[in-house]
Structure formats: C-alpha cells, structure tokens
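Below: my_file11.txt (compact mmCIF, N, CA and C atoms and all ligand atoms)
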# COMPACT_ATOMS: atom_id res chain seq x y z
N MET A 17 32.88 -23.45 3.48
CA MET A 17 31.77 -23.07 4.36
C MET A 17 30.87 -22.06 3.67
N HIS A 18 29.62 -22.08 4.05
CA HIS A 18 28.65 -21.12 3.51
C HIS A 18 28.41 -20.01 4.54
N ILE A 19 28.68 -18.80 4.12
CA ILE A 19 28.59 -17.65 5.04
C ILE A 19 27.52 -16.69 4.55
N ALA A 20 26.62 -16.30 5.45
CA ALA A 20 25.57 -15.33 5.10
C ALA A 20 25.88 -13.99 5.75
N LEU A 21 25.66 -12.93 4.98
CA LEU A 21 25.95 -11.57 5.45
C LEU A 21 24.68 -10.71 5.40
N THR A 22 24.45 -10.00 6.47
CA THR A 22 23.36 -9.02 6.47
C THR A 22 23.65 -7.98 7.54
N ALA A 23 23.15 -6.77 7.33
CA ALA A 23 23.43 -5.70 8.30
C ALA A 23 22.31 -4.67 8.25
N HIS A 24 22.00 -4.14 9.41
CA HIS A 24 21.07 -3.02 9.45
C HIS A 24 21.76 -1.79 8.85
N ASP A 25 20.94 -0.82 8.44
CA ASP A 25 21.47 0.32 7.67
C ASP A 25 22.67 0.99 8.34
N ALA A 26 22.56 1.24 9.63
CA ALA A 26 23.63 1.96 10.34
C ALA A 26 24.91 1.14 10.46
N LYS A 27 24.82 -0.15 10.16
CA LYS A 27 25.99 -1.04 10.31
C LYS A 27 26.51 -1.55 8.97
N LYS A 28 25.92 -1.08 7.88
CA LYS A 28 26.33 -1.60 6.57
C LYS A 28 27.76 -1.21 6.22
N GLU A 29 28.12 0.03 6.52
CA GLU A 29 29.48 0.47 6.22
C GLU A 29 30.50 -0.32 7.04
N LEU A 30 30.13 -0.62 8.26
CA LEU A 30 31.00 -1.45 9.11
C LEU A 30 31.18 -2.84 8.49
N MET A 31 30.08 -3.39 7.99
CA MET A 31 30.15 -4.70 7.33
C MET A 31 31.09 -4.63 6.12
N VAL A 32 30.98 -3.55 5.35
CA VAL A 32 31.86 -3.38 4.19
C VAL A 32 33.32 -3.35 4.64
N GLN A 33 33.61 -2.57 5.67
CA GLN A 33 34.99 -2.47 6.16
C GLN A 33 35.49 -3.82 6.66
N PHE A 34 34.62 -4.55 7.33
CA PHE A 34 34.99 -5.88 7.83
C PHE A 34 35.32 -6.80 6.65
N CYS A 35 34.50 -6.75 5.62
CA CYS A 35 34.72 -7.64 4.47
C CYS A 35 35.96 -7.23 3.68
N ILE A 36 36.26 -5.94 3.64
CA ILE A 36 37.51 -5.51 3.00
C ILE A 36 38.69 -6.07 3.80
N ALA A 37 38.61 -5.96 5.12
CA ALA A 37 39.72 -6.41 5.97
C ALA A 37 39.95 -7.91 5.85
N TYR A 38 38.86 -8.69 5.69
CA TYR A 38 38.98 -10.14 5.67
C TYR A 38 38.65 -10.74 4.31
N CYS A 39 38.83 -9.93 3.29
CA CYS A 39 38.52 -10.35 1.93
C CYS A 39 39.23 -11.66 1.56
N GLY A 40 40.49 -11.78 1.97
CA GLY A 40 41.28 -12.97 1.65
C GLY A 40 40.63 -14.23 2.20
N ILE A 41 40.22 -14.19 3.44
CA ILE A 41 39.57 -15.36 4.06
C ILE A 41 38.21 -15.59 3.42
N LEU A 42 37.43 -14.53 3.30
CA LEU A 42 36.06 -14.68 2.78
C LEU A 42 36.06 -15.23 1.36
N SER A 43 37.07 -14.89 0.58
CA SER A 43 37.10 -15.31 -0.82
C SER A 43 37.24 -16.82 -0.96
N ARG A 44 37.63 -17.50 0.10
CA ARG A 44 37.78 -18.96 0.05
C ARG A 44 36.51 -19.69 0.47
N HIS A 45 35.44 -18.92 0.67
CA HIS A 45 34.19 -19.52 1.11
C HIS A 45 33.06 -19.08 0.19
N SER A 46 31.90 -19.73 0.38
CA SER A 46 30.73 -19.40 -0.44
C SER A 46 29.90 -18.37 0.32
N LEU A 47 29.68 -17.23 -0.32
CA LEU A 47 29.02 -16.11 0.37
C LEU A 47 27.63 -15.85 -0.19
N CYS A 48 26.73 -15.45 0.69
CA CYS A 48 25.43 -14.94 0.26
C CYS A 48 25.06 -13.79 1.19
N GLY A 49 24.07 -13.01 0.78
CA GLY A 49 23.70 -11.89 1.63
C GLY A 49 22.40 -11.26 1.17
N THR A 50 21.83 -10.45 2.06
CA THR A 50 20.63 -9.70 1.69
C THR A 50 21.00 -8.64 0.65
N GLY A 51 19.98 -8.18 -0.08
CA GLY A 51 20.19 -7.34 -1.25
C GLY A 51 21.13 -6.17 -1.11
N THR A 52 20.82 -5.25 -0.22
CA THR A 52 21.62 -4.03 -0.14
C THR A 52 22.98 -4.31 0.47
N THR A 53 23.01 -5.08 1.53
CA THR A 53 24.29 -5.43 2.16
C THR A 53 25.17 -6.15 1.14
N GLY A 54 24.60 -7.11 0.44
CA GLY A 54 25.36 -7.88 -0.54
C GLY A 54 25.91 -7.00 -1.66
N LYS A 55 25.09 -6.06 -2.11
CA LYS A 55 25.52 -5.17 -3.19
C LYS A 55 26.71 -4.31 -2.72
N MET A 56 26.57 -3.75 -1.54
CA MET A 56 27.65 -2.89 -1.03
C MET A 56 28.94 -3.68 -0.84
N VAL A 57 28.82 -4.89 -0.31
CA VAL A 57 30.03 -5.71 -0.07
C VAL A 57 30.66 -6.12 -1.38
N SER A 58 29.86 -6.58 -2.33
CA SER A 58 30.47 -7.04 -3.59
C SER A 58 31.08 -5.89 -4.37
N GLU A 59 30.44 -4.72 -4.34
CA GLU A 59 31.02 -3.56 -5.04
C GLU A 59 32.33 -3.10 -4.41
N ALA A 60 32.39 -3.16 -3.09
CA ALA A 60 33.59 -2.65 -2.40
C ALA A 60 34.74 -3.64 -2.43
N THR A 61 34.43 -4.93 -2.52
CA THR A 61 35.49 -5.95 -2.38
C THR A 61 35.73 -6.76 -3.64
N GLY A 62 34.74 -6.80 -4.52
CA GLY A 62 34.85 -7.67 -5.69
C GLY A 62 34.57 -9.13 -5.36
N LEU A 63 34.18 -9.40 -4.12
CA LEU A 63 33.86 -10.78 -3.72
C LEU A 63 32.63 -11.26 -4.48
N LYS A 64 32.66 -12.53 -4.87
CA LYS A 64 31.48 -13.13 -5.49
C LYS A 64 30.52 -13.52 -4.38
N LEU A 65 29.26 -13.16 -4.57
CA LEU A 65 28.30 -13.31 -3.49
C LEU A 65 26.91 -13.52 -4.09
N GLN A 66 26.21 -14.51 -3.59
CA GLN A 66 24.83 -14.69 -4.05
C GLN A 66 23.95 -13.67 -3.34
N ARG A 67 23.33 -12.82 -4.14
CA ARG A 67 22.51 -11.75 -3.54
C ARG A 67 21.05 -12.16 -3.50
N PHE A 68 20.50 -12.12 -2.30
CA PHE A 68 19.07 -12.38 -2.14
C PHE A 68 18.31 -11.07 -2.28
N LEU A 69 17.02 -11.13 -2.04
CA LEU A 69 16.21 -9.92 -2.03
C LEU A 69 16.67 -9.01 -0.89
N SER A 70 16.27 -7.77 -0.97
CA SER A 70 16.52 -6.87 0.15
C SER A 70 15.85 -7.46 1.40
N GLY A 71 16.46 -7.23 2.55
CA GLY A 71 15.95 -7.82 3.78
C GLY A 71 14.45 -7.64 3.98
N PRO A 72 13.97 -6.39 3.97
CA PRO A 72 12.54 -6.17 4.21
C PRO A 72 11.64 -6.78 3.13
N GLN A 73 12.20 -7.06 1.96
CA GLN A 73 11.38 -7.65 0.88
C GLN A 73 11.43 -9.18 0.88
N GLY A 74 12.11 -9.74 1.87
CA GLY A 74 12.14 -11.21 1.96
C GLY A 74 13.53 -11.80 2.02
N GLY A 75 14.55 -10.95 1.90
CA GLY A 75 15.93 -11.47 1.95
C GLY A 75 16.25 -12.15 3.27
N ASP A 76 15.75 -11.59 4.37
CA ASP A 76 15.95 -12.22 5.68
C ASP A 76 15.36 -13.63 5.68
N GLN A 77 14.18 -13.75 5.09
CA GLN A 77 13.53 -15.06 5.06
C GLN A 77 14.29 -16.04 4.17
N GLN A 78 14.90 -15.52 3.10
CA GLN A 78 15.69 -16.41 2.24
C GLN A 78 16.89 -16.98 3.00
N ILE A 79 17.52 -16.12 3.81
CA ILE A 79 18.62 -16.63 4.65
C ILE A 79 18.06 -17.60 5.69
N ALA A 80 16.93 -17.24 6.28
CA ALA A 80 16.31 -18.11 7.30
C ALA A 80 16.01 -19.50 6.72
N ALA A 81 15.52 -19.52 5.49
CA ALA A 81 15.19 -20.82 4.87
C ALA A 81 16.44 -21.66 4.70
N ARG A 82 17.54 -21.03 4.32
CA ARG A 82 18.79 -21.79 4.14
C ARG A 82 19.35 -22.27 5.48
N ILE A 83 19.20 -21.44 6.51
CA ILE A 83 19.63 -21.89 7.84
C ILE A 83 18.80 -23.10 8.25
N SER A 84 17.50 -23.04 7.99
CA SER A 84 16.61 -24.15 8.36
C SER A 84 17.01 -25.44 7.67
N CYS A 85 17.57 -25.32 6.48
CA CYS A 85 17.99 -26.51 5.72
C CYS A 85 19.46 -26.84 5.95
N ASP A 86 20.08 -26.24 6.97
CA ASP A 86 21.50 -26.45 7.28
C ASP A 86 22.41 -26.13 6.10
N GLU A 87 22.05 -25.09 5.37
CA GLU A 87 22.87 -24.69 4.22
C GLU A 87 23.73 -23.46 4.53
N ILE A 88 23.68 -22.99 5.76
CA ILE A 88 24.51 -21.87 6.19
C ILE A 88 25.36 -22.33 7.38
N ASP A 89 26.65 -22.02 7.34
CA ASP A 89 27.56 -22.46 8.41
C ASP A 89 27.94 -21.32 9.35
N LEU A 90 27.73 -20.10 8.90
CA LEU A 90 28.12 -18.94 9.71
C LEU A 90 27.26 -17.75 9.27
N LEU A 91 26.69 -17.06 10.24
CA LEU A 91 25.90 -15.87 9.93
C LEU A 91 26.56 -14.64 10.54
N LEU A 92 26.83 -13.66 9.71
CA LEU A 92 27.31 -12.36 10.20
C LEU A 92 26.16 -11.38 10.02
N PHE A 93 25.57 -10.98 11.11
CA PHE A 93 24.37 -10.15 11.10
C PHE A 93 24.65 -8.95 12.01
N PHE A 94 25.16 -7.89 11.41
CA PHE A 94 25.51 -6.71 12.20
C PHE A 94 24.24 -5.91 12.49
N ARG A 95 23.83 -5.93 13.74
CA ARG A 95 22.58 -5.30 14.14
C ARG A 95 22.83 -3.90 14.68
N ASP A 96 21.81 -3.06 14.52
CA ASP A 96 21.86 -1.71 15.09
C ASP A 96 20.98 -1.72 16.33
N PRO A 97 21.57 -1.75 17.51
CA PRO A 97 20.76 -1.89 18.73
C PRO A 97 19.90 -0.66 19.02
N LEU A 98 20.19 0.46 18.34
CA LEU A 98 19.43 1.69 18.60
C LEU A 98 18.21 1.82 17.71
N ASN A 99 18.08 0.90 16.78
CA ASN A 99 16.98 0.98 15.82
C ASN A 99 15.95 -0.11 16.12
N PRO A 100 14.67 0.25 16.15
CA PRO A 100 13.64 -0.77 16.38
C PRO A 100 13.68 -1.91 15.37
N GLN A 101 14.30 -1.63 14.20
CA GLN A 101 14.49 -2.65 13.16
C GLN A 101 15.12 -3.92 13.73
N SER A 102 15.98 -3.74 14.77
CA SER A 102 16.72 -4.90 15.28
C SER A 102 15.81 -5.86 16.02
N ASN A 103 14.61 -5.40 16.39
CA ASN A 103 13.68 -6.30 17.08
C ASN A 103 12.53 -6.76 16.19
N GLU A 104 12.69 -6.56 14.89
CA GLU A 104 11.65 -7.04 13.97
C GLU A 104 11.59 -8.56 14.03
N PRO A 105 10.39 -9.11 13.84
CA PRO A 105 10.25 -10.57 13.92
C PRO A 105 11.22 -11.31 13.00
N SER A 106 11.45 -10.77 11.78
CA SER A 106 12.33 -11.51 10.86
C SER A 106 13.77 -11.53 11.37
N ALA A 107 14.19 -10.45 12.05
CA ALA A 107 15.54 -10.42 12.61
C ALA A 107 15.66 -11.40 13.77
N LEU A 108 14.67 -11.38 14.64
CA LEU A 108 14.70 -12.29 15.79
C LEU A 108 14.58 -13.73 15.34
N ASN A 109 13.83 -13.95 14.28
CA ASN A 109 13.68 -15.32 13.76
C ASN A 109 15.01 -15.86 13.24
N LEU A 110 15.81 -15.01 12.61
CA LEU A 110 17.13 -15.44 12.14
C LEU A 110 17.97 -15.95 13.32
N LEU A 111 17.96 -15.19 14.40
CA LEU A 111 18.75 -15.57 15.57
C LEU A 111 18.20 -16.85 16.21
N ARG A 112 16.88 -16.96 16.24
CA ARG A 112 16.25 -18.16 16.80
C ARG A 112 16.66 -19.40 16.01
N LEU A 113 16.65 -19.28 14.68
CA LEU A 113 17.00 -20.43 13.84
C LEU A 113 18.48 -20.80 14.00
N CYS A 114 19.33 -19.78 14.19
CA CYS A 114 20.76 -20.08 14.43
C CYS A 114 20.91 -20.90 15.71
N ASP A 115 20.16 -20.54 16.74
CA ASP A 115 20.22 -21.30 17.99
C ASP A 115 19.68 -22.71 17.78
N MET A 116 18.63 -22.80 17.00
CA MET A 116 18.03 -24.12 16.77
C MET A 116 18.98 -25.05 16.04
N HIS A 117 19.76 -24.50 15.10
CA HIS A 117 20.63 -25.33 14.26
C HIS A 117 22.10 -25.23 14.65
N ASN A 118 22.37 -24.60 15.79
CA ASN A 118 23.77 -24.44 16.23
C ASN A 118 24.65 -23.80 15.17
N ILE A 119 24.15 -22.71 14.62
CA ILE A 119 24.93 -21.96 13.64
C ILE A 119 25.65 -20.83 14.37
N PRO A 120 26.96 -20.76 14.25
CA PRO A 120 27.66 -19.61 14.84
C PRO A 120 27.16 -18.31 14.21
N VAL A 121 26.87 -17.33 15.06
CA VAL A 121 26.33 -16.06 14.55
C VAL A 121 26.98 -14.89 15.28
N ALA A 122 27.37 -13.89 14.52
CA ALA A 122 27.93 -12.67 15.11
C ALA A 122 26.97 -11.54 14.86
N THR A 123 26.57 -10.86 15.93
CA THR A 123 25.68 -9.71 15.77
C THR A 123 26.45 -8.40 15.91
N ASN A 124 27.75 -8.49 16.12
CA ASN A 124 28.58 -7.27 16.16
C ASN A 124 29.98 -7.61 15.66
N ILE A 125 30.75 -6.57 15.38
CA ILE A 125 32.04 -6.80 14.73
C ILE A 125 33.04 -7.49 15.66
N ALA A 126 32.91 -7.29 16.96
CA ALA A 126 33.85 -7.93 17.88
C ALA A 126 33.72 -9.45 17.81
N THR A 127 32.48 -9.93 17.81
CA THR A 127 32.26 -11.38 17.69
C THR A 127 32.63 -11.87 16.30
N ALA A 128 32.35 -11.06 15.30
CA ALA A 128 32.68 -11.45 13.93
C ALA A 128 34.19 -11.68 13.78
N GLU A 129 34.98 -10.83 14.42
CA GLU A 129 36.45 -10.98 14.37
C GLU A 129 36.85 -12.35 14.93
N VAL A 130 36.26 -12.69 16.07
CA VAL A 130 36.60 -13.97 16.70
C VAL A 130 36.21 -15.13 15.79
N LEU A 131 35.01 -15.04 15.23
CA LEU A 131 34.53 -16.14 14.39
C LEU A 131 35.33 -16.27 13.10
N ILE A 132 35.72 -15.17 12.50
CA ILE A 132 36.45 -15.26 11.23
C ILE A 132 37.84 -15.86 11.46
N HIS A 133 38.44 -15.54 12.60
CA HIS A 133 39.73 -16.15 12.91
C HIS A 133 39.55 -17.64 13.22
N GLY A 134 38.45 -17.95 13.92
CA GLY A 134 38.15 -19.36 14.21
C GLY A 134 37.89 -20.13 12.93
N LEU A 135 37.18 -19.51 12.02
CA LEU A 135 36.91 -20.14 10.71
C LEU A 135 38.22 -20.46 10.00
N GLU A 136 39.12 -19.50 9.98
CA GLU A 136 40.41 -19.67 9.31
C GLU A 136 41.24 -20.78 9.96
N ARG A 137 41.10 -20.90 11.29
CA ARG A 137 41.88 -21.90 12.03
C ARG A 137 41.27 -23.29 11.92
N GLY A 138 40.05 -23.36 11.39
CA GLY A 138 39.40 -24.67 11.25
C GLY A 138 38.45 -25.00 12.37
N ASP A 139 38.17 -24.03 13.22
CA ASP A 139 37.29 -24.30 14.37
C ASP A 139 35.87 -24.66 13.96
N LEU A 140 35.49 -24.32 12.74
CA LEU A 140 34.11 -24.62 12.31
C LEU A 140 34.04 -25.85 11.40
N ASP A 141 35.17 -26.55 11.28
CA ASP A 141 35.18 -27.71 10.37
C ASP A 141 34.19 -28.80 10.80
N TRP A 142 33.85 -28.81 12.10
CA TRP A 142 32.89 -29.80 12.59
C TRP A 142 31.56 -29.70 11.85
N ARG A 143 31.28 -28.52 11.28
CA ARG A 143 30.01 -28.34 10.57
C ARG A 143 29.89 -29.33 9.41
N ASP A 144 31.03 -29.63 8.78
CA ASP A 144 31.00 -30.55 7.64
C ASP A 144 30.58 -31.96 8.07
N PHE A 145 30.80 -32.29 9.34
CA PHE A 145 30.51 -33.65 9.79
C PHE A 145 29.09 -33.82 10.30
N VAL A 146 28.47 -32.73 10.72
CA VAL A 146 27.13 -32.85 11.31
C VAL A 146 26.01 -32.59 10.32
N LYS A 147 26.38 -32.17 9.10
CA LYS A 147 25.33 -31.88 8.13
C LYS A 147 24.64 -33.16 7.70
N PRO A 148 23.33 -33.09 7.57
CA PRO A 148 22.59 -34.28 7.19
C PRO A 148 22.96 -34.75 5.78
O1 LIG A 201 17.00 -6.44 6.44
C1 LIG A 201 18.19 -6.45 6.67
C2 LIG A 201 18.68 -6.87 8.01
O2 LIG A 201 17.65 -7.42 8.80
C3 LIG A 201 19.17 -6.03 5.66
O3 LIG A 201 18.66 -6.06 4.35
P1 LIG A 201 19.40 -5.26 3.21
O4 LIG A 201 20.82 -5.74 3.19
O5 LIG A 201 18.71 -5.58 1.94
O6 LIG A 201 19.30 -3.81 3.58

Write out the structure in this file as structure tokens.
Amino acid sequence: MHIALTAHDAKKELMVQFCIAYCGILSRHSLCGTGTTGKMVSEATGLKLQRFLSGPQGGDQQIAARISCDEIDLLLFFRDPLNPQSNEPSALNLLRLCDMHNIPVATNIATAEVLIHGLERGDLDWRDFVKP
C-alpha cells in the first residue's frame, strides 16, 4: 500500500512518535510525505520515504495529485485544530480529494491507530481491486 504522511507543525512530533511505534508495519509499505514531516520521520525511524516539497511550497499539492491519480491508499494527516493552518485551502483540498476517491484518512492519532491496525489486518486490501 502507498501511505502519505503530513502533519501541521504542532503535530509533527506526534507523527514521529506514531511512526516510531508502528515502524515495523510502516516499513512493509511504500511511504511518502511532505518535506519537513518526511525529514523528521525518516531521521527518527530510518524508514525509507519519498520526500516531497515542504507543504506550503507545494508538498500538499504533490500528495493531492497522487490521491487524484489513485496512487495513495492511506493518508495520515495530523492536523492542528488550534491553528488557522488547518483550514488552508490546500489542507481542505486534501481531505476533499480523499472523500472523492474513498481514501481512508486519519486527521488525528486516535483514528490513525485504528487505520494502521486495519491496514495490518488486511482491511484495506480492497484498494488493490478497485484501482484503475
Ligand atoms: O503543510 C503541511 C501540512 O499541511 C506540512 O508540510 P511540512 O511537512 O513540509 O511542514
């Protein structure tokens, strides 16, 4: 499965901790992420990850483009609800595209936990059958 990672500044450390905790599962999948989030995760975990541009410089759009082409199976997007950043058009567009393409998306760690366990159990295997 192809998993995209991105996080607002206040949630980046949480994303790192999540990826450390689930490094074993994540290592069996293809990972990509926005610039800063990706750098922090790869440095902390050693996970191989395709790093896009920093979110504000276009990294969000790079993930959005891959979602649009059904090249992402799961999005982990840890949002900071207290920061206006979370309502930026590029952030909302990511969520809109996930709904459009039926991509499972976690905007907080509680949902991410559920999805990562579901991924491990094979709950997302249907994605392989619906891809064009
Ligand atoms: O823009 C982001 C989330 O919307 C995150 O981008 P960075 O990981 O490059 O900080």

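Taking CA of Leu113 (chain A) as the reference point, CA of Cys48 (chain A) is found at 16.9 Å.
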
| request: Residues up to 8 Å from ligand LIG 201 (chain A), counting all atoms listed in the file: could you list those as JSON, numbers by chain? | output: {"A": [21, 22, 23, 24, 25, 28, 49, 50, 51, 52, 53, 54, 55, 56, 68, 69, 70, 71, 72, 73, 74, 75, 76, 77, 93, 94, 95, 101, 102, 104, 106, 107, 108]}

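Between atom C of Lys64 (chain A) and atom C of Ile132 (chain A) lies a distance of 17.6 Å.
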
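As for CA of Arg137 (chain A) and atom C of Val121 (chain A), they are spaced 16.8 Å apart.
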
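The environment of Leu63 (chain A) within 8 Å, counting only N, CA and C atoms and disregarding residues fewer than 2 places along the same chain, consists of Cys39, Leu42, Ser43, Leu47, Val57, Ser58, Glu59, Ala60, Thr61, Leu65 and Gln66 of chain A.
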
| said: Run DSSP on the backbone and tell me which residues of chain A come out as helix (DSSP H, G or I); list them as a PyMOL selection string. | reply: chain A and resi 25-37+39-42+51-61+71-73+75-84+100-103+105-117+125-137+142-146

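Distances to Asp96 (chain A) were evaluated for A:Ile19, A:Ala37, A:Ile125, A:Val130 using only C-alpha atoms, and the minimum falls at A:Ile125.
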
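In terms of minimum interatomic distance to Thr127 (chain A), A:Leu92 ranks closest within A:Leu92, A:Ala26, A:Asn109, A:Asp141, counting only C-alpha atoms.
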
| query | Residues of region 45-103 of chain A in strand (DSSP E) according to DSSP, as a list in words? | reply | Ser46, Leu47, Cys48, Gly49, Gln66, Arg67, Leu90, Leu91, Leu92, Phe93 and Phe94 of chain A

Write the residues you've just listed into a file as a short mmCIF file (atom, residue, chain, number, x, y, z; two decimals), keeping the file's coordinate frame, and include N, CA and C atoms for each of them.
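Result file follows (part02.cif):
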data_model
loop_
_atom_site.label_atom_id
_atom_site.label_comp_id
_atom_site.auth_asym_id
_atom_site.auth_seq_id
_atom_site.Cartn_x
_atom_site.Cartn_y
_atom_site.Cartn_z
N SER A 46 31.90 -19.73 0.38
CA SER A 46 30.73 -19.40 -0.44
C SER A 46 29.90 -18.37 0.32
N LEU A 47 29.68 -17.23 -0.32
CA LEU A 47 29.02 -16.11 0.37
C LEU A 47 27.63 -15.85 -0.19
N CYS A 48 26.73 -15.45 0.69
CA CYS A 48 25.43 -14.94 0.26
C CYS A 48 25.06 -13.79 1.19
N GLY A 49 24.07 -13.01 0.78
CA GLY A 49 23.70 -11.89 1.63
C GLY A 49 22.40 -11.26 1.17
N GLN A 66 26.21 -14.51 -3.59
CA GLN A 66 24.83 -14.69 -4.05
C GLN A 66 23.95 -13.67 -3.34
N ARG A 67 23.33 -12.82 -4.14
CA ARG A 67 22.51 -11.75 -3.54
C ARG A 67 21.05 -12.16 -3.50
N LEU A 90 27.73 -20.10 8.90
CA LEU A 90 28.12 -18.94 9.71
C LEU A 90 27.26 -17.75 9.27
N LEU A 91 26.69 -17.06 10.24
CA LEU A 91 25.90 -15.87 9.93
C LEU A 91 26.56 -14.64 10.54
N LEU A 92 26.83 -13.66 9.71
CA LEU A 92 27.31 -12.36 10.20
C LEU A 92 26.16 -11.38 10.02
N PHE A 93 25.57 -10.98 11.11
CA PHE A 93 24.37 -10.15 11.10
C PHE A 93 24.65 -8.95 12.01
N PHE A 94 25.16 -7.89 11.41
CA PHE A 94 25.51 -6.71 12.20
C PHE A 94 24.24 -5.91 12.49
#

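Nearest to Ile79 (chain A) of all the residues A:Asn118, A:Leu110, A:His133, A:Gly40 is A:Leu110, based on only N, CA and C atoms.
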
| message | I need the residue nearest Ile119 (chain A) from this list: A:Arg67, A:Pro105, A:Gly138, A:Val146. Use only C-alpha atoms for the distance. | response | A:Val146

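Among the candidates A:Ser46, A:Asp89, A:Cys35, A:Lys27, the residue lying nearest to Glu129 (chain A) is A:Cys35 (atoms considered: only C-alpha atoms).
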